[in-house]
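Data from query_14.txt: compact mmCIF, C-alpha atoms
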```
# COMPACT_ATOMS: atom_id res chain seq x y z
CA ALA A 29 -15.13 4.84 7.26
CA GLN A 30 -13.46 1.92 5.57
CA SER A 31 -11.60 -0.81 7.44
CA VAL A 32 -10.08 -4.19 6.68
CA THR A 33 -9.47 -7.18 8.91
CA GLN A 34 -7.06 -9.89 7.89
CA LEU A 35 -7.38 -13.05 9.97
CA GLY A 36 -4.04 -14.66 10.68
CA SER A 37 -0.87 -12.64 10.65
CA HIS A 38 1.09 -15.74 9.67
CA VAL A 39 -0.02 -18.61 7.46
CA SER A 40 2.08 -21.64 6.55
CA VAL A 41 1.19 -24.10 3.82
CA SER A 42 3.02 -26.93 2.16
CA GLU A 43 4.22 -26.58 -1.40
CA GLY A 44 1.41 -27.72 -3.68
CA ALA A 45 -1.30 -27.16 -1.08
CA LEU A 46 -4.20 -24.73 -1.22
CA VAL A 47 -3.50 -21.17 -0.15
CA LEU A 48 -6.34 -19.33 1.61
CA LEU A 49 -5.80 -15.85 3.03
CA ARG A 50 -8.78 -14.24 4.71
CA CYS A 51 -9.98 -10.67 4.42
CA ASN A 52 -13.13 -9.05 5.76
CA TYR A 53 -13.99 -5.43 5.12
CA SER A 54 -16.22 -2.75 6.47
CA SER A 55 -17.49 -0.05 4.15
CA SER A 56 -20.34 2.43 4.16
CA VAL A 57 -20.50 2.35 0.37
CA PRO A 58 -19.94 -0.35 -2.25
CA PRO A 59 -16.23 -0.95 -1.86
CA TYR A 60 -13.33 -1.24 -4.21
CA LEU A 61 -11.22 -4.15 -2.96
CA PHE A 62 -7.61 -5.04 -3.64
CA TRP A 63 -4.97 -7.61 -2.80
CA TYR A 64 -1.33 -6.54 -2.90
CA VAL A 65 1.80 -8.62 -2.40
CA GLN A 66 5.05 -7.40 -0.87
CA TYR A 67 8.33 -9.27 -1.25
CA PRO A 68 11.15 -8.51 1.20
CA ASN A 69 12.61 -5.03 0.83
CA GLN A 70 10.34 -4.19 -2.06
CA GLY A 71 7.28 -2.09 -2.72
CA LEU A 72 3.78 -3.48 -3.11
CA GLN A 73 2.52 -5.08 -6.29
CA LEU A 74 -1.14 -5.47 -7.22
CA LEU A 75 -2.35 -9.08 -7.38
CA LEU A 76 -5.98 -8.41 -8.23
CA LYS A 77 -8.86 -6.01 -7.69
CA TYR A 78 -12.63 -5.98 -7.47
CA THR A 79 -14.48 -2.92 -8.67
CA THR A 80 -17.85 -3.94 -10.09
CA GLY A 81 -19.29 -6.83 -12.05
CA ALA A 82 -18.11 -10.41 -11.74
CA THR A 83 -17.54 -11.32 -8.11
CA LEU A 84 -14.83 -13.90 -8.84
CA VAL A 85 -11.70 -12.04 -9.76
CA LYS A 86 -8.58 -13.60 -11.25
CA GLY A 87 -5.19 -12.06 -10.76
CA ILE A 88 -1.56 -12.65 -11.49
CA ASN A 89 0.47 -15.71 -10.47
CA GLY A 90 -2.60 -17.97 -10.31
CA PHE A 91 -4.34 -16.11 -7.48
CA GLU A 92 -8.05 -15.37 -7.36
CA ALA A 93 -10.50 -13.85 -4.91
CA GLU A 94 -14.24 -13.81 -4.53
CA PHE A 95 -16.23 -10.81 -3.40
CA LYS A 96 -19.05 -11.92 -1.10
CA LYS A 97 -21.20 -8.98 -0.12
CA SER A 98 -23.36 -10.97 2.30
CA GLU A 99 -20.26 -12.03 4.22
CA THR A 100 -18.34 -8.76 3.66
CA SER A 101 -15.40 -10.91 2.61
CA PHE A 102 -12.77 -10.93 -0.11
CA HIS A 103 -10.64 -14.00 0.57
CA LEU A 104 -7.59 -14.74 -1.57
CA THR A 105 -6.95 -18.26 -2.83
CA LYS A 106 -4.51 -20.21 -4.96
CA PRO A 107 -5.03 -23.91 -5.68
CA SER A 108 -1.40 -24.96 -5.45
CA ALA A 109 1.25 -23.07 -3.52
CA HIS A 110 4.68 -22.48 -4.97
CA MET A 111 7.85 -21.60 -3.11
CA SER A 112 7.90 -18.25 -4.89
CA ASP A 113 4.58 -17.32 -3.24
CA ALA A 114 6.32 -16.71 0.08
CA ALA A 115 5.70 -13.03 0.81
CA GLU A 116 3.46 -10.69 2.77
CA TYR A 117 -0.05 -10.14 1.45
CA PHE A 118 -2.19 -7.09 2.10
CA CYS A 119 -5.91 -6.67 1.58
CA ALA A 120 -7.04 -3.10 0.99
CA VAL A 121 -10.25 -1.16 0.47
CA SER A 122 -11.17 2.24 -0.92
CA ARG A 123 -14.43 4.09 -1.26
CA PHE A 124 -13.68 5.21 -4.76
CA GLY A 125 -11.20 3.63 -7.07
CA ASN A 126 -8.67 6.41 -7.18
CA GLU A 127 -8.55 7.56 -3.62
CA LYS A 128 -6.53 6.38 -0.67
CA LEU A 129 -6.23 2.72 0.18
CA THR A 130 -6.96 1.48 3.69
CA PHE A 131 -4.85 -1.60 4.31
CA GLY A 132 -5.23 -4.58 6.57
CA THR A 133 -2.39 -5.57 8.86
CA GLY A 134 -1.02 -8.09 6.41
CA THR A 135 -0.54 -11.87 6.34
CA ARG A 136 2.91 -13.37 6.03
CA LEU A 137 2.73 -16.51 3.90
CA THR A 138 5.37 -19.18 4.42
CA ILE A 139 5.67 -22.13 2.05
CA ILE A 140 6.95 -25.39 3.51
CA PRO A 141 8.99 -27.50 1.07
CA ASP B 9 8.79 2.66 -18.07
CA ALA B 10 11.06 3.01 -15.05
CA GLY B 11 8.23 2.80 -12.56
CA VAL B 12 7.89 5.01 -9.52
CA ILE B 13 11.29 6.28 -8.43
CA GLN B 14 12.11 7.14 -4.85
CA SER B 15 15.25 8.61 -3.36
CA PRO B 16 17.13 8.02 -1.25
CA ARG B 17 16.54 4.31 -0.69
CA HIS B 18 18.01 4.50 2.79
CA GLU B 19 18.40 7.48 5.10
CA VAL B 20 19.96 7.54 8.52
CA THR B 21 19.79 10.79 10.41
CA GLU B 22 20.00 12.14 13.91
CA MET B 23 17.05 13.37 15.88
CA GLY B 24 16.31 17.01 15.16
CA GLN B 25 17.63 16.98 11.62
CA GLU B 26 15.58 17.79 8.55
CA VAL B 27 14.81 14.91 6.22
CA THR B 28 13.56 15.18 2.64
CA LEU B 29 12.23 12.20 0.75
CA ARG B 30 11.71 12.42 -2.99
CA CYS B 31 9.38 10.74 -5.46
CA LYS B 32 9.03 10.72 -9.22
CA PRO B 33 5.70 9.18 -10.29
CA ILE B 34 5.10 7.28 -13.49
CA SER B 35 4.73 9.68 -16.40
CA GLY B 36 1.10 10.47 -17.14
CA HIS B 37 -0.20 9.44 -13.74
CA ASP B 38 -2.50 12.02 -12.18
CA TYR B 39 -2.55 10.74 -8.60
CA LEU B 40 0.34 10.50 -6.17
CA PHE B 41 0.20 8.93 -2.71
CA TRP B 42 2.59 8.89 0.24
CA TYR B 43 2.27 5.92 2.63
CA ARG B 44 4.23 4.99 5.73
CA GLN B 45 4.86 1.42 6.91
CA THR B 46 5.78 0.54 10.47
CA MET B 47 5.55 -2.61 12.53
CA MET B 48 3.22 -0.95 15.02
CA ARG B 49 0.82 0.83 12.67
CA GLY B 50 1.17 -1.12 9.43
CA LEU B 51 0.61 0.70 6.15
CA GLU B 52 -1.09 4.06 6.45
CA LEU B 53 -1.73 6.90 4.06
CA LEU B 54 -0.08 10.18 4.86
CA ILE B 55 -1.29 12.36 1.98
CA TYR B 56 -2.35 12.15 -1.64
CA PHE B 57 -2.43 14.53 -4.58
CA ASN B 58 -4.54 14.75 -7.72
CA ASN B 59 -3.14 16.88 -10.54
CA ASN B 60 -0.55 18.27 -8.09
CA VAL B 61 -3.23 19.43 -5.61
CA PRO B 62 -3.37 17.88 -2.13
CA ILE B 63 -6.70 16.11 -1.72
CA ASP B 64 -6.43 14.38 1.65
CA ASP B 65 -3.72 15.10 4.20
CA SER B 66 -5.57 13.72 7.20
CA GLY B 67 -2.88 11.12 7.72
CA MET B 68 -0.04 13.59 8.14
CA PRO B 69 1.01 13.04 11.75
CA GLU B 70 1.69 16.61 12.80
CA ASP B 71 3.13 19.90 11.73
CA ARG B 72 6.58 18.42 11.51
CA PHE B 73 5.52 16.70 8.29
CA SER B 74 4.92 18.53 5.03
CA ALA B 75 4.50 17.39 1.44
CA LYS B 76 4.63 19.25 -1.84
CA MET B 77 4.08 18.46 -5.48
CA PRO B 78 5.43 21.40 -7.48
CA ASN B 79 4.82 19.66 -10.80
CA ALA B 80 3.45 16.44 -12.26
CA SER B 81 6.78 14.65 -12.14
CA PHE B 82 8.07 15.37 -8.65
CA SER B 83 6.96 15.28 -5.04
CA THR B 84 8.72 15.68 -1.71
CA LEU B 85 7.91 14.64 1.82
CA LYS B 86 9.76 16.65 4.45
CA ILE B 87 10.14 15.98 8.15
CA GLN B 88 11.48 18.82 10.26
CA PRO B 89 12.59 18.19 12.95
CA SER B 90 12.85 14.42 12.75
CA GLU B 91 12.25 12.16 15.77
CA PRO B 92 13.07 8.49 16.41
CA ARG B 93 9.37 7.58 16.14
CA ASP B 94 9.48 8.71 12.50
CA SER B 95 11.64 5.69 11.68
CA ALA B 96 9.71 3.72 9.05
CA VAL B 97 9.59 2.80 5.40
CA TYR B 98 7.99 5.55 3.33
CA PHE B 99 6.36 4.54 0.05
CA CYS B 100 5.28 6.68 -2.82
CA ALA B 101 2.65 5.37 -5.23
CA SER B 102 0.97 6.71 -8.33
CA THR B 103 -2.02 5.85 -10.46
CA ALA B 104 -3.34 7.02 -13.79
CA GLY B 105 -6.88 7.68 -12.62
CA GLY B 106 -9.86 6.77 -14.76
CA SER B 107 -10.91 3.16 -14.30
CA SER B 108 -7.44 1.72 -13.75
CA TYR B 109 -7.44 2.01 -9.94
CA GLU B 110 -4.08 0.21 -9.66
CA GLN B 111 -1.59 2.06 -7.53
CA TYR B 112 2.01 1.48 -8.55
CA PHE B 113 4.37 1.56 -5.61
CA GLY B 114 7.95 2.68 -5.51
CA PRO B 115 10.62 0.64 -3.72
CA GLY B 116 10.35 2.79 -0.59
CA THR B 117 12.74 4.85 1.50
CA ARG B 118 13.85 3.27 4.76
CA LEU B 119 14.30 6.08 7.27
CA THR B 120 16.13 5.57 10.53
CA VAL B 121 16.24 8.42 13.03
CA THR B 122 18.71 7.91 15.87
```

Would you mind writing the file's structure down as C-alpha cells?
Amino acid sequence: AQSVTQLGSHVSVSEGALVLLRCNYSSSVPPYLFWYVQYPNQGLQLLLKYTTGATLVKGINGFEAEFKKSETSFHLTKPSAHMSDAAEYFCAVSRFGNEKLTFGTGTRLTIIP
Amino acid sequence: DAGVIQSPRHEVTEMGQEVTLRCKPISGHDYLFWYRQTMMRGLELLIYFNNNVPIDDSGMPEDRFSAKMPNASFSTLKIQPSEPRDSAVYFCASTAGGSSYEQYFGPGTRLTVT
C-alpha cells in the first residue's frame, strides 16, 4: 500500500526566503509522485510530478522537487517565497500514473511580509 | 476548455435527505475520480472510473453512497440517506490517461448536512 507523510502541518517563511516542504513516501513499487497546491475555496492544481527519469523535477511558479529513492523523499522547494505562494500544499503518490492518488495531510504555507 | 465542472457548488440539506452531486469531466478524458476532503480525514479517494467503468470503489464509505457514470461526459455521486458526518467538500477530477498522469480537479461541492 502507498502512503505519504508530510512533516509540518504549518510552515511560515518570510517573503524572499527559501521554501522547503517535506514529503516522505512509502510504496511497494516504484512510485509516481506529485505535488498539488490548493488555494482557499478552490480545487487542487498540479505543481509538478515525478514519473521516471530525471530525479530533479521542475514545476510551475518556480517550484521544484527532488526524488531521492534512498531517503524515500520528495521534498518541495522554491528559492524565494512570494506572497502569492500562500496556500495549502499536498504531496501525493500512486502506484501507476493513472490510478488513484494517496494524499498526505497537507502543509499550510504562510508567507510573512 | 471549461475544465472539470461540478454542481452544485454548495449544498445544505437535512439529515435523512438524498443528495446528488454532479460532475462533468474534461472532454476526452478517460478517467474520472471522486475525492472527499474533511478536516479529520484529509483528502481521500471514494471511487474512480476508466471509460465509464468503476475500477476501484474501496473508498466508498458504505451502502449509503453510490456513484454512476452513464456516459463519458457525466458522473453522479449520490448519498441516501445523508448524515451529518457526510459533511465535507467533494471533488471530482479527471485525467486523459496515457502518460499525462495529471489529474484536473473541479472546484468542489461543499456539502453540509444538518

At what distance in Å, to one decimal, does atom CA of Cys119 of chain A lie from atom CA of Leu48 of chain A?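 It comes out at 12.7 Å.
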
In file coordinates, which residues lie within 10 Å of (3.0, -0.5, 9.5) using only C-alpha atoms, given as a PyMOL selection string? (chain A and resi 131-134) or (chain B and resi 43-52+96-98)

Per residue of chain A within 12 Å of segment 103-116 of chain B, note the shortest atom pair and the distance in Å to one decimal, counting all atoms listed in the file, and order the rows by chain and increasing residue number, as a tab-separated table.
```
residue	atom	partner	partner_atom	distance
A:Tyr60	CA	B:Tyr109	CA	8.8
A:Leu61	CA	B:Tyr109	CA	10.0
A:Phe62	CA	B:Glu110	CA	8.7
A:Trp63	CA	B:Glu110	CA	10.4
A:Tyr64	CA	B:Gln111	CA	9.8
A:Val65	CA	B:Phe113	CA	11.0
A:Gln66	CA	B:Phe113	CA	10.2
A:Tyr67	CA	B:Pro115	CA	10.5
A:Pro68	CA	B:Pro115	CA	10.4
A:Asn69	CA	B:Pro115	CA	7.5
A:Gln70	CA	B:Pro115	CA	5.1
A:Gly71	CA	B:Pro115	CA	4.4
A:Leu72	CA	B:Phe113	CA	5.7
A:Gln73	CA	B:Phe113	CA	6.9
A:Leu74	CA	B:Glu110	CA	6.8
A:Leu75	CA	B:Glu110	CA	9.7
A:Leu76	CA	B:Glu110	CA	8.9
A:Lys77	CA	B:Glu110	CA	8.1
A:Tyr78	CA	B:Tyr109	CA	9.8
A:Thr79	CA	B:Tyr109	CA	8.7
A:Thr80	CA	B:Ser107	CA	10.8
A:Ala120	CA	B:Gln111	CA	11.4
A:Val121	CA	B:Tyr109	CA	11.2
A:Ser122	CA	B:Tyr109	CA	9.8
A:Arg123	CA	B:Tyr109	CA	11.3
A:Phe124	CA	B:Tyr109	CA	8.7
A:Gly125	CA	B:Tyr109	CA	5.0
A:Asn126	CA	B:Tyr109	CA	5.3
A:Glu127	CA	B:Tyr109	CA	8.5
A:Lys128	CA	B:Gln111	CA	9.5
A:Leu129	CA	B:Gln111	CA	9.0
```

With distances taken over only C-alpha atoms, which residue among B:Gln88, B:Leu119, B:Arg93, B:Ser74 lies nearest Gly24 of chain B?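 That would be B:Gln88, the residue with the smallest distance to Gly24 of chain B.
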
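The coordinates place atom CA of Ala93 of chain A at 18.9 Å from atom CA of Ser112 of chain A.
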
Could you list, as JSON, numbers by chain, every residue within 9 Å of Val121 of chain B, counting only C-alpha atoms and ignoring same-chain residues fewer than 3 positions away? {"B": [19, 20, 21, 22, 23, 24, 25, 90, 91, 92, 93, 94, 95, 96]}

Kindly indicate which residue among A:Thr135, A:Thr130, A:Thr83, A:Ser98 lies nearest to chain B, using all atoms listed in the file for the distances.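 The answer is A:Thr130, which sits nearest to chain B.
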
Between A:Pro58, A:Tyr53, A:Ser37, A:Asn89, which is the closest to chain B once you count only C-alpha atoms?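 Among the listed residues, the smallest separation from chain B belongs to A:Ser37.
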
Determine the nearest neighbour of chain A from the options B:Val61, B:Leu85, B:Ile55, B:Ala80, counting only C-alpha atoms.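 Using only C-alpha atoms, the shortest distance to chain A belongs to B:Ile55.
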
Find the residue from A:Asp113, A:Phe118, A:Leu137, A:Val85 that sits nearest to chain B; use only C-alpha atoms when measuring.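 Of A:Asp113, A:Phe118, A:Leu137, A:Val85, the one nearest chain B, counting only C-alpha atoms, is A:Phe118.
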
For each of A:Glu43, A:Glu116, A:Lys106, A:Ile139, take the minimum atom-to-atom distance to chain B, counting all atoms listed in the file, then give the residue where this is smallest.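 So, comparing all the options, the nearest one is A:Glu116.
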
What's the separation between atom CA of Val41 of chain A and atom CA of Lys86 of chain A, in Å to one decimal place?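 According to the coordinates, atom CA of Val41 of chain A and atom CA of Lys86 of chain A are separated by 20.8 Å.
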
Can you sort out the box for segment 100-107 of chain B, edges along x, y and z, all listed atoms in, 3 Å on every side, with centre and edge lengths in Å to one decimal, as lines of an AutoDock Vina configuration file?
```
center_x = -2.8
center_y = 5.4
center_z = -8.8
size_x = 22.2
size_y = 10.5
size_z = 17.9
```

Polymer residues at most 10 Å from Leu29 of chain B, all atoms listed in the file, same-chain spacing of 3 or more positions, as number ranges by chain: B: 14-19, 75, 83-87, 98-100, 116-119

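Distance cut-off 7 Å, centre (1.7, 14.6, 7.7), atoms counted all atoms listed in the file; the residues meeting this are Leu54, Ile55, Asp65, Gly67, Met68, Pro69, Glu70, Asp71, Phe73 and Ser74 of chain B.
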
Write out the residues from the selection above, keeping C-alpha atoms, as a short mmCIF file (atom, residue, chain, number, x, y, z; two decimals), in the coordinates of the input.
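Below is the file selection20.cif, written as the result:
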```cif
data_model
loop_
_atom_site.label_atom_id
_atom_site.label_comp_id
_atom_site.auth_asym_id
_atom_site.auth_seq_id
_atom_site.Cartn_x
_atom_site.Cartn_y
_atom_site.Cartn_z
CA LEU B 54 -0.08 10.18 4.86
CA ILE B 55 -1.29 12.36 1.98
CA ASP B 65 -3.72 15.10 4.20
CA GLY B 67 -2.88 11.12 7.72
CA MET B 68 -0.04 13.59 8.14
CA PRO B 69 1.01 13.04 11.75
CA GLU B 70 1.69 16.61 12.80
CA ASP B 71 3.13 19.90 11.73
CA PHE B 73 5.52 16.70 8.29
CA SER B 74 4.92 18.53 5.03
#
```
